[in-house]
file my_file19.txt (compact mmCIF, C-alpha atoms and all ligand atoms)
# COMPACT_ATOMS: atom_id res chain seq x y z
CA MET A 1 114.16 -43.66 84.40
CA LYS A 2 110.63 -42.36 84.04
CA ASP A 3 109.78 -40.55 80.80
CA VAL A 4 109.41 -36.77 81.02
CA LEU A 5 106.38 -35.53 79.10
CA ILE A 6 105.90 -31.82 78.44
CA LEU A 7 102.77 -30.13 77.16
CA ALA A 8 104.00 -27.02 75.34
CA ILE A 9 102.04 -23.97 74.22
CA GLU A 10 103.05 -21.31 71.69
CA SER A 11 101.00 -18.23 70.83
CA SER A 12 103.53 -15.41 70.36
CA CYS A 13 102.41 -14.32 66.89
CA ASP A 14 99.89 -15.72 64.41
CA GLU A 15 100.12 -19.45 65.11
CA THR A 16 98.16 -21.10 67.90
CA ALA A 17 100.22 -24.18 68.63
CA ALA A 18 100.55 -26.97 71.18
CA ALA A 19 102.66 -30.11 71.33
CA VAL A 20 103.53 -33.02 73.58
CA THR A 21 107.22 -33.94 73.74
CA LYS A 22 108.87 -36.93 75.42
CA ASN A 23 112.32 -36.79 77.01
CA GLY A 24 113.18 -33.65 75.11
CA ARG A 25 113.58 -34.68 71.53
CA THR A 26 110.72 -37.04 70.75
CA ILE A 27 107.61 -35.32 69.40
CA LEU A 28 104.39 -37.15 70.31
CA SER A 29 102.17 -34.48 68.73
CA ASN A 30 102.54 -31.06 67.15
CA ILE A 31 99.31 -29.20 66.38
CA ILE A 32 99.44 -25.83 64.62
CA SER A 33 96.41 -23.69 63.88
CA SER A 34 97.57 -20.96 61.53
CA GLN A 35 95.84 -17.61 61.24
CA ILE A 36 97.57 -16.71 57.98
CA ASP A 37 94.39 -16.74 55.88
CA LEU A 38 92.86 -14.18 58.23
CA HIS A 39 95.84 -11.80 58.43
CA LYS A 40 96.62 -11.89 54.73
CA LEU A 41 93.43 -9.90 54.09
CA TYR A 42 95.25 -7.01 55.86
CA GLY A 43 98.74 -7.61 54.40
CA GLY A 44 100.28 -8.49 57.77
CA VAL A 45 99.56 -9.65 61.31
CA VAL A 46 96.89 -7.58 63.07
CA PRO A 47 97.69 -7.98 66.80
CA GLU A 48 94.10 -7.59 68.05
CA ILE A 49 92.81 -10.22 65.63
CA ALA A 50 95.69 -12.53 66.57
CA SER A 51 94.79 -12.39 70.29
CA ARG A 52 91.11 -13.04 69.67
CA LYS A 53 91.82 -15.96 67.38
CA HIS A 54 94.24 -17.48 69.93
CA ILE A 55 91.48 -17.34 72.56
CA GLU A 56 89.06 -19.08 70.21
CA LYS A 57 91.47 -21.84 69.19
CA ILE A 58 93.74 -22.55 72.12
CA ASN A 59 91.62 -25.09 74.01
CA GLN A 60 90.91 -27.08 70.91
CA VAL A 61 94.56 -27.09 69.85
CA ILE A 62 95.67 -28.32 73.29
CA GLU A 63 93.01 -31.05 73.38
CA GLU A 64 94.12 -32.21 69.95
CA ALA A 65 97.77 -32.23 71.03
CA LEU A 66 96.97 -34.43 74.06
CA CYS A 67 94.65 -36.66 72.05
CA GLU A 68 97.10 -37.21 69.19
CA ALA A 69 99.86 -38.01 71.70
CA GLY A 70 97.50 -40.54 73.31
CA VAL A 71 97.93 -39.00 76.78
CA THR A 72 95.94 -37.04 79.35
CA LEU A 73 97.09 -34.30 81.72
CA LYS A 74 97.75 -37.05 84.31
CA ASP A 75 100.68 -38.26 82.17
CA ILE A 76 102.20 -34.81 81.76
CA ASP A 77 105.17 -33.73 83.95
CA ALA A 78 105.29 -29.99 83.18
CA ILE A 79 103.66 -27.25 81.14
CA GLY A 80 105.97 -25.24 78.87
CA VAL A 81 104.89 -21.94 77.38
CA THR A 82 106.38 -19.12 75.32
CA TYR A 83 106.28 -15.95 77.44
CA GLY A 84 108.27 -13.65 75.14
CA PRO A 85 109.25 -12.05 72.92
CA GLY A 86 106.21 -11.49 70.73
CA LEU A 87 102.89 -9.65 70.57
CA VAL A 88 101.81 -8.95 74.15
CA GLY A 89 98.12 -9.79 73.66
CA ALA A 90 98.95 -12.96 71.77
CA LEU A 91 101.54 -14.11 74.35
CA LEU A 92 99.12 -13.44 77.20
CA VAL A 93 96.63 -15.97 75.86
CA GLY A 94 99.20 -18.78 75.96
CA VAL A 95 100.64 -17.71 79.31
CA ALA A 96 97.21 -17.45 80.98
CA GLU A 97 96.20 -20.82 79.55
CA ALA A 98 99.44 -22.49 80.67
CA LYS A 99 99.12 -21.08 84.18
CA ALA A 100 95.49 -22.21 84.46
CA ILE A 101 96.29 -25.76 83.32
CA ALA A 102 99.42 -26.03 85.47
CA TYR A 103 97.58 -24.73 88.55
CA ALA A 104 94.54 -26.94 88.06
CA ALA A 105 96.61 -30.06 87.35
CA GLY A 106 99.24 -29.33 90.02
CA LEU A 107 102.07 -29.27 87.47
CA PRO A 108 105.23 -27.15 87.29
CA LEU A 109 105.24 -24.22 84.90
CA VAL A 110 108.23 -23.55 82.65
CA GLY A 111 108.33 -20.27 80.71
CA VAL A 112 110.30 -20.44 77.46
CA HIS A 113 112.03 -17.77 75.38
CA HIS A 114 110.64 -17.95 71.84
CA ILE A 115 114.11 -17.79 70.26
CA GLU A 116 115.39 -20.55 72.54
CA GLY A 117 112.47 -22.54 71.09
CA HIS A 118 113.56 -21.82 67.51
CA VAL A 119 117.13 -22.91 68.28
CA SER A 120 115.86 -26.07 70.01
CA ALA A 121 113.94 -27.11 66.86
CA ASN A 122 117.33 -28.36 65.66
CA TYR A 123 117.46 -31.03 68.38
CA ILE A 124 114.31 -32.78 67.13
CA GLU A 125 115.72 -34.41 64.02
CA HIS A 126 119.42 -34.38 64.92
CA PRO A 127 119.92 -36.65 67.94
CA ASP A 128 123.69 -36.13 67.66
CA LEU A 129 123.50 -32.33 67.96
CA GLU A 130 124.65 -30.99 71.30
CA PRO A 131 126.02 -27.60 72.32
CA PRO A 132 128.32 -25.88 71.71
CA PHE A 133 127.44 -24.84 68.17
CA LEU A 134 126.93 -21.70 66.12
CA CYS A 135 123.31 -20.82 65.28
CA LEU A 136 121.85 -18.28 62.89
CA ILE A 137 118.29 -17.41 63.91
CA VAL A 138 116.31 -15.73 61.16
CA SER A 139 112.60 -15.13 61.67
CA GLY A 140 109.93 -12.51 61.08
CA GLY A 141 110.93 -10.59 64.20
CA HIS A 142 114.56 -11.59 64.84
CA THR A 143 117.95 -11.98 63.23
CA HIS A 144 120.60 -13.20 65.64
CA LEU A 145 123.92 -14.94 65.24
CA VAL A 146 124.68 -16.77 68.49
CA ILE A 147 126.94 -19.36 70.02
CA VAL A 148 124.79 -21.91 71.82
CA LYS A 149 127.19 -22.56 74.69
CA ASP A 150 124.94 -25.00 76.49
CA TYR A 151 121.20 -25.75 76.54
CA GLY A 152 119.55 -22.35 77.04
CA GLU A 153 122.93 -20.55 77.28
CA PHE A 154 123.73 -18.11 74.50
CA GLU A 155 126.47 -15.72 73.56
CA ILE A 156 125.10 -13.22 71.08
CA LEU A 157 127.67 -12.38 68.41
CA GLY A 158 125.51 -10.30 66.10
CA ARG A 159 122.03 -9.03 65.49
CA THR A 160 120.14 -6.85 63.03
CA HIS A 161 120.29 -3.08 63.35
CA ASP A 162 116.92 -2.58 61.68
CA ASP A 163 114.60 -5.03 59.89
CA ALA A 164 114.65 -8.73 60.67
CA ALA A 165 115.42 -10.96 57.67
CA GLY A 166 111.83 -12.25 57.49
CA GLU A 167 110.48 -8.72 57.77
CA ALA A 168 112.56 -7.72 54.73
CA PHE A 169 111.15 -10.69 52.78
CA ASP A 170 107.61 -9.69 53.79
CA LYS A 171 108.07 -6.02 52.85
CA VAL A 172 109.64 -6.75 49.47
CA ALA A 173 106.92 -9.32 48.73
CA ARG A 174 104.27 -6.74 49.51
CA ALA A 175 105.98 -4.17 47.25
CA ILE A 176 105.79 -6.55 44.29
CA GLY A 177 102.22 -7.58 45.07
CA LEU A 178 102.86 -11.08 46.38
CA GLY A 179 100.90 -10.69 49.62
CA TYR A 180 101.50 -11.98 53.16
CA PRO A 181 103.51 -13.87 54.30
CA GLY A 182 106.09 -12.92 51.73
CA GLY A 183 108.98 -15.26 52.55
CA PRO A 184 107.56 -18.48 51.08
CA LYS A 185 106.24 -16.59 48.04
CA ILE A 186 109.60 -14.97 47.25
CA ASP A 187 111.25 -18.36 47.79
CA ARG A 188 108.92 -19.93 45.19
CA LEU A 189 108.99 -17.09 42.63
CA SER A 190 112.79 -16.87 42.82
CA ARG A 191 113.11 -20.33 41.32
CA GLU A 192 111.93 -18.88 37.99
CA GLY A 193 114.25 -15.85 38.18
CA ASN A 194 117.89 -14.97 37.60
CA SER A 195 119.59 -14.02 40.86
CA ASP A 196 122.33 -12.10 39.00
CA ALA A 197 119.85 -9.93 37.10
CA ILE A 198 119.90 -6.96 39.51
CA ALA A 199 122.82 -5.93 41.73
CA PHE A 200 121.35 -5.12 45.15
CA PRO A 201 123.65 -3.91 47.97
CA ARG A 202 125.14 -6.24 50.59
CA ALA A 203 125.23 -3.97 53.63
CA LYS A 204 128.20 -3.77 55.96
CA ILE A 205 127.43 -2.39 59.39
CA GLY A 206 129.69 -0.53 61.81
CA ASP A 207 132.51 -2.41 63.48
CA ASN A 208 130.82 -5.69 64.29
CA PRO A 209 131.33 -8.12 61.39
CA TYR A 210 128.49 -10.30 62.65
CA ASP A 211 125.76 -7.66 62.72
CA PHE A 212 123.15 -7.35 59.99
CA SER A 213 121.13 -4.63 58.29
CA PHE A 214 118.38 -5.27 55.78
CA SER A 215 116.81 -1.84 55.43
CA GLY A 216 119.35 -0.87 52.72
CA VAL A 217 118.53 -3.76 50.43
CA LYS A 218 114.81 -3.22 51.08
CA SER A 219 115.11 0.49 50.10
CA ALA A 220 117.15 -0.46 47.04
CA VAL A 221 114.32 -2.75 45.92
CA LEU A 222 111.73 0.00 46.47
CA ASN A 223 113.89 2.52 44.54
CA TYR A 224 114.31 0.07 41.71
CA LEU A 225 110.53 -0.39 41.52
CA ASN A 226 109.90 3.39 41.63
CA GLN A 227 112.40 4.10 38.89
CA ALA A 228 110.97 1.38 36.67
CA SER A 229 107.47 2.73 37.25
CA MET A 230 108.55 6.31 36.41
CA LYS A 231 110.13 5.11 33.18
CA GLY A 232 107.07 3.01 32.43
CA GLU A 233 109.20 -0.13 32.35
CA GLU A 234 107.88 -3.58 33.16
CA VAL A 235 109.64 -5.24 36.13
CA ASN A 236 110.56 -8.90 35.93
CA ARG A 237 109.30 -9.92 39.38
CA ALA A 238 111.00 -13.30 39.37
CA ASP A 239 114.40 -11.72 38.61
CA LEU A 240 113.82 -9.10 41.28
CA ALA A 241 112.76 -11.69 43.88
CA ALA A 242 115.76 -13.92 43.06
CA SER A 243 118.23 -11.01 43.16
CA PHE A 244 116.86 -9.69 46.46
CA GLN A 245 116.89 -13.15 48.02
CA LYS A 246 120.48 -13.71 46.87
CA ALA A 247 121.56 -10.39 48.41
CA VAL A 248 120.06 -11.39 51.79
CA VAL A 249 121.28 -15.00 51.70
CA ASP A 250 124.84 -13.99 50.71
CA VAL A 251 125.15 -11.77 53.79
CA LEU A 252 123.60 -14.37 56.13
CA VAL A 253 125.99 -17.06 54.92
CA GLU A 254 129.07 -14.80 54.87
CA HIS A 255 128.61 -13.55 58.42
CA THR A 256 127.88 -17.03 59.73
CA MET A 257 130.98 -18.50 58.08
CA GLN A 258 133.12 -15.65 59.36
CA ALA A 259 131.91 -16.31 62.91
CA ALA A 260 132.45 -20.06 62.53
CA ARG A 261 136.06 -19.39 61.52
CA ASP A 262 136.74 -16.76 64.19
CA TYR A 263 135.25 -18.83 67.01
CA HIS A 264 136.51 -22.20 65.74
CA MET A 265 133.05 -23.71 65.66
CA ASP A 266 132.69 -27.09 63.94
CA LYS A 267 128.87 -27.20 63.95
CA VAL A 268 126.55 -24.66 62.33
CA ALA A 269 122.75 -24.60 62.66
CA ILE A 270 120.01 -22.36 61.31
CA ALA A 271 116.60 -21.69 62.85
CA GLY A 272 113.44 -19.58 62.51
CA GLY A 273 110.91 -19.10 59.71
CA VAL A 274 113.46 -17.89 57.15
CA ALA A 275 115.52 -21.05 57.81
CA SER A 276 112.93 -22.86 55.68
CA ASN A 277 114.13 -20.82 52.67
CA GLY A 278 115.41 -23.16 49.98
CA THR A 279 118.23 -20.90 48.77
CA LEU A 280 119.50 -20.23 52.31
CA ARG A 281 119.48 -23.94 53.15
CA GLU A 282 121.41 -24.82 49.99
CA ALA A 283 123.88 -21.94 50.27
CA MET A 284 124.62 -22.59 53.96
CA SER A 285 124.91 -26.32 53.39
CA ARG A 286 127.38 -25.76 50.53
CA ALA A 287 129.44 -23.25 52.52
CA CYS A 288 129.62 -25.61 55.52
CA GLU A 289 130.64 -28.54 53.35
CA LYS A 290 133.39 -26.46 51.76
CA ALA A 291 134.65 -25.40 55.18
CA GLY A 292 134.41 -28.94 56.59
CA LEU A 293 131.71 -28.01 59.14
CA LYS A 294 128.64 -30.04 60.10
CA PHE A 295 125.43 -28.32 59.08
CA TYR A 296 122.08 -28.69 60.88
CA ARG A 297 118.64 -27.37 59.98
CA PRO A 298 115.14 -28.28 61.12
CA SER A 299 112.52 -29.51 58.63
CA PRO A 300 110.44 -26.54 57.39
CA VAL A 301 107.52 -27.40 59.72
CA TYR A 302 109.83 -26.96 62.72
CA CYS A 303 111.36 -23.72 61.34
CA THR A 304 108.19 -21.63 61.45
CA ASP A 305 106.40 -21.18 64.78
CA ASN A 306 105.28 -24.44 66.39
CA GLY A 307 104.73 -25.99 69.81
CA ALA A 308 107.22 -28.85 69.43
CA MET A 309 110.24 -26.53 69.52
CA ILE A 310 108.87 -24.91 72.71
CA GLY A 311 108.44 -28.38 74.24
CA VAL A 312 112.07 -29.27 73.48
CA ALA A 313 113.35 -26.01 74.99
CA ALA A 314 111.03 -26.42 78.00
CA TYR A 315 112.43 -29.93 78.63
CA TYR A 316 116.03 -28.71 78.85
CA GLU A 317 114.92 -25.85 81.12
CA TYR A 318 112.88 -28.30 83.22
CA ILE A 319 115.78 -30.69 83.82
CA LYS A 320 117.98 -27.72 84.74
CA GLY A 321 115.40 -26.82 87.38
CA THR A 322 113.82 -23.75 85.79
CA ARG A 323 110.35 -23.16 87.29
CA HIS A 324 108.10 -20.14 86.96
CA GLY A 325 105.54 -18.94 89.48
CA TRP A 326 101.89 -18.00 89.05
CA ASP A 327 103.06 -14.43 88.51
CA LEU A 328 104.63 -15.36 85.15
CA ASN A 329 103.72 -12.60 82.72
CA ALA A 330 104.05 -12.06 78.99
CA VAL A 331 107.24 -10.12 78.20
CA PRO A 332 106.93 -8.73 74.67
CA ASN A 333 110.59 -7.66 74.42
CA LEU A 334 112.19 -10.45 76.46
CA ARG A 335 115.91 -10.57 75.74
CA LEU A 336 117.71 -13.78 74.87
CA GLY A 337 119.35 -15.32 77.93
CA GLU A 338 117.07 -13.44 80.38
CA ARG A 339 114.97 -15.43 82.81
O1 LIG A 401 109.72 -17.94 62.95
P1 LIG A 401 108.48 -17.41 62.34
O2 LIG A 401 107.38 -18.37 62.00
O3 LIG A 401 107.86 -16.29 63.23
C1 LIG A 401 108.60 -15.40 64.00
O4 LIG A 401 109.06 -15.79 65.10
O5 LIG A 401 108.79 -14.27 63.50
O6 LIG A 401 108.96 -16.63 61.02
C2 LIG A 401 108.06 -16.05 60.13
C3 LIG A 401 108.87 -15.37 59.05
C4 LIG A 401 108.02 -14.52 58.10
O7 LIG A 401 108.65 -13.27 57.94
C5 LIG A 401 108.04 -15.32 56.82
O8 LIG A 401 107.91 -14.53 55.65
C6 LIG A 401 109.40 -15.98 56.88
O9 LIG A 401 109.55 -16.35 58.24
N1 LIG A 401 109.47 -17.19 56.05
C7 LIG A 401 110.31 -17.31 55.00
C8 LIG A 401 110.05 -18.57 54.42
N2 LIG A 401 109.06 -19.18 55.16
C9 LIG A 401 108.73 -18.31 56.15
N3 LIG A 401 111.24 -16.48 54.51
C10 LIG A 401 111.93 -16.87 53.42
N4 LIG A 401 111.71 -18.05 52.79
C11 LIG A 401 110.79 -18.94 53.25
N5 LIG A 401 110.60 -20.11 52.65
ZN ZN A 402 109.07 -17.49 65.66
call {"tool": "encode", "arguments": {"input": "my_file19.txt", "output": "structure tokens"}}
result
Amino acid sequence: MKDVLILAIESSCDETAAAVTKNGRTILSNIISSQIDLHKLYGGVVPEIASRKHIEKINQVIEEALCEAGVTLKDIDAIGVTYGPGLVGALLVGVAEAKAIAYAAGLPLVGVHHIEGHVSANYIEHPDLEPPFLCLIVSGGHTHLVIVKDYGEFEILGRTHDDAAGEAFDKVARAIGLGYPGGPKIDRLSREGNSDAIAFPRAKIGDNPYDFSFSGVKSAVLNYLNQASMKGEEVNRADLAASFQKAVVDVLVEHTMQAARDYHMDKVAIAGGVASNGTLREAMSRACEKAGLKFYRPSPVYCTDNGAMIGVAAYYEYIKGTRHGWDLNAVPNLRLGER
């Protein structure tokens, strides 16, 4: 059978990324141009700057992706692109680019849900992984616990009621002066701290045991900092980072394990930027081992935003027959499972 090559484009937030994938799970190239250095001057992503930077970089990133894969547009079978959720101006750059290339080259266009991309990152390095499995998606904008019933088919068991897990990491990092993006910095600083030093709350939410809430732990951290400052006490930032991280990770692991038990799942995966967190990876791996479940996680480069994961998701959509028209638009609040 002929190989299926996908050129995939991702521009939903602050990474301009493109990749070429072969037959779904083989990555021929994965080029990521990060805007982090620019946004960190402002302590977070500035949407207007993100869109402008995507426009500046996107052609170059795509050319590099094709070049590194050793192919031209003539070898490509379809163009995959993230069309939501994300920042509308940022998404539009990728969508407009994908439509232009697909139209000019006479190729089919496959719009991809960003979260479906994150989940699909797990397929890259785990050739044995196939649905159904349980997946915890934890990123800067999303926290979802889902059953991946089939490729691109999800049953959402739980979600966050307020902040996403990554957002909580970023806000706490900012409060202790670590700068943006906070997740990797808290991850690093925590290694020098004692995670039992401060007892932060593990929130329980309403009736759904799989839902999450991180605003409580975030407020508890801010209160702790205020009280210390009023008393003129020095805060041990490493202990605080480690204790906060433990509070978040404990809840993520507990809810995931509960769902795995309740739904009799034998495979558990994690995805999204926060899935690159060392403590989460270790804790989830340990919990799965103890429960006799297989545990899957992408390498850190495939956890944070990248084009390869979009290419993998686009492939499975492509072989199912998903095609988008020239009216494909950016959908900033696209829901999981919507087409
Ligand atoms: O998936 P992603 O690149 O973008 C979104 O789709 O949101 O996730 C970015 C988020 C940021 O909030 C960042 O702080 C967090 O992932 N993150 C981490 C780590 N690396 C990135 N959080 C905790 N530990 C990390 N090592
Ligand atoms: Zn993402």
call {"tool": "atom_distance", "arguments": {"input": "my_file19.txt", "atom1": "atom CA of Ile205 of chain A", "atom2": "atom CA of Cys135 of chain A"}}
result
19.8 Å
call {"tool": "residues_around", "arguments": {"input": "my_file19.txt", "residues": "Leu157 of chain A", "least_positions_apart": "6", "cutoff": "7 Å", "atoms": "all atoms listed in the file", "output": "ChimeraX atom specification"}}
result
/A:145-146,210
call {"tool": "write_last_selection", "arguments": {"input": "my_file19.txt", "atoms": "C-alpha atoms", "output": "mmCIF file, in the coordinates of the input"}}
result
data_model
loop_
_atom_site.group_PDB
_atom_site.id
_atom_site.type_symbol
_atom_site.label_atom_id
_atom_site.label_comp_id
_atom_site.auth_asym_id
_atom_site.auth_seq_id
_atom_site.Cartn_x
_atom_site.Cartn_y
_atom_site.Cartn_z
ATOM 1 C CA LEU A 145 123.920 -14.940 65.240
ATOM 2 C CA VAL A 146 124.680 -16.770 68.490
ATOM 3 C CA TYR A 210 128.490 -10.300 62.650
#
call {"tool": "residues_near_ligand", "arguments": {"input": "my_file19.txt", "ligand": "ligand ZN 402 (chain A)", "cutoff": "10 Å", "atoms": "only C-alpha atoms and all ligand atoms", "output": "number ranges by chain"}}
result
A: 10-15, 85-86, 114-118, 137-142, 271-274, 302-306, 309
call {"tool": "residues_around", "arguments": {"input": "my_file19.txt", "residues": "Ala291 of chain A", "least_positions_apart": "3", "cutoff": "10 Å", "atoms": "all atoms listed in the file", "output": "JSON, numbers by chain"}}
result
{"A": [257, 260, 261, 266, 285, 286, 287, 288, 294]}
call {"tool": "residues_around", "arguments": {"input": "my_file19.txt", "residues": "segment 327-335 of chain A", "least_positions_apart": "4", "cutoff": "6 Å", "atoms": "only C-alpha atoms", "output": "number ranges by chain"}}
result
A: 83-88, 91-92
call {"tool": "write_last_selection", "arguments": {"input": "my_file19.txt", "atoms": "C-alpha atoms", "output": "short mmCIF file (atom, residue, chain, number, x, y, z; two decimals), in the frame of the given file"}}
result
data_model
loop_
_atom_site.label_atom_id
_atom_site.label_comp_id
_atom_site.auth_asym_id
_atom_site.auth_seq_id
_atom_site.Cartn_x
_atom_site.Cartn_y
_atom_site.Cartn_z
CA TYR A 83 106.28 -15.95 77.44
CA GLY A 84 108.27 -13.65 75.14
CA PRO A 85 109.25 -12.05 72.92
CA GLY A 86 106.21 -11.49 70.73
CA LEU A 87 102.89 -9.65 70.57
CA VAL A 88 101.81 -8.95 74.15
CA LEU A 91 101.54 -14.11 74.35
CA LEU A 92 99.12 -13.44 77.20
#
call {"tool": "atom_distance", "arguments": {"input": "my_file19.txt", "atom1": "atom CA of Thr82 of chain A", "atom2": "atom CA of Ala313 of chain A"}}
result
9.8 Å
call {"tool": "closest_residue", "arguments": {"input": "my_file19.txt", "among": "A:Lys74, A:Lys57, A:Lys171, A:Lys231", "to": "Ile9 of chain A", "atoms": "only C-alpha atoms"}}
result
A:Lys57
call {"tool": "atom_distance", "arguments": {"input": "my_file19.txt", "atom1": "atom CA of Ala69 of chain A", "atom2": "atom CA of Thr21 of chain A"}}
result
8.7 Å
call {"tool": "closest_residue", "arguments": {"input": "my_file19.txt", "among": "A:Val221, A:Met1, A:Val93, A:Ala308", "to": "Arg52 of chain A", "atoms": "all atoms listed in the file"}}
result
A:Val93
call {"tool": "closest_residue", "arguments": {"input": "my_file19.txt", "among": "A:Val61, A:Leu73, A:Ala220, A:Ala173", "to": "ligand LIG 401 (chain A)", "atoms": "only C-alpha atoms and all ligand atoms"}}
result
A:Ala173
call {"tool": "closest_residue", "arguments": {"input": "my_file19.txt", "among": "A:Ala121, A:Val235, A:Met230, A:Ile58", "to": "ligand LIG 401 (chain A)", "atoms": "only C-alpha atoms and all ligand atoms"}}
result
A:Ala121
call {"tool": "closest_residue", "arguments": {"input": "my_file19.txt", "among": "A:Pro201, A:Gly325, A:Gly179, A:Gly337", "to": "Ala98 of chain A", "atoms": "all atoms listed in the file"}}
result
A:Gly325
call {"tool": "closest_residue", "arguments": {"input": "my_file19.txt", "among": "A:Asn236, A:Ser51, A:Gln245, A:Ser219", "to": "ligand LIG 401 (chain A)", "atoms": "all atoms listed in the file"}}
result
A:Gln245
call {"tool": "residues_around", "arguments": {"input": "my_file19.txt", "residues": "Val20 of chain A", "least_positions_apart": "6", "cutoff": "7 Å", "atoms": "only C-alpha atoms", "output": "ChimeraX atom specification"}}
result
/A:5-8,27-30,65-66,69,308,311
call {"tool": "residues_around", "arguments": {"input": "my_file19.txt", "residues": "segment 183-185 of chain A", "least_positions_apart": "2", "cutoff": "6 Å", "atoms": "all atoms listed in the file", "output": "VMD selection string"}}
result
chain A and resid 169 to 170 181 187 to 188
call {"tool": "write_last_selection", "arguments": {"input": "my_file19.txt", "atoms": "C-alpha atoms", "output": "tab-separated table (two decimals), in the frame of the given file"}}
result
chain	number	residue	atom	x	y	z
A	169	PHE	CA	111.15	-10.69	52.78
A	170	ASP	CA	107.61	-9.69	53.79
A	181	PRO	CA	103.51	-13.87	54.30
A	187	ASP	CA	111.25	-18.36	47.79
A	188	ARG	CA	108.92	-19.93	45.19
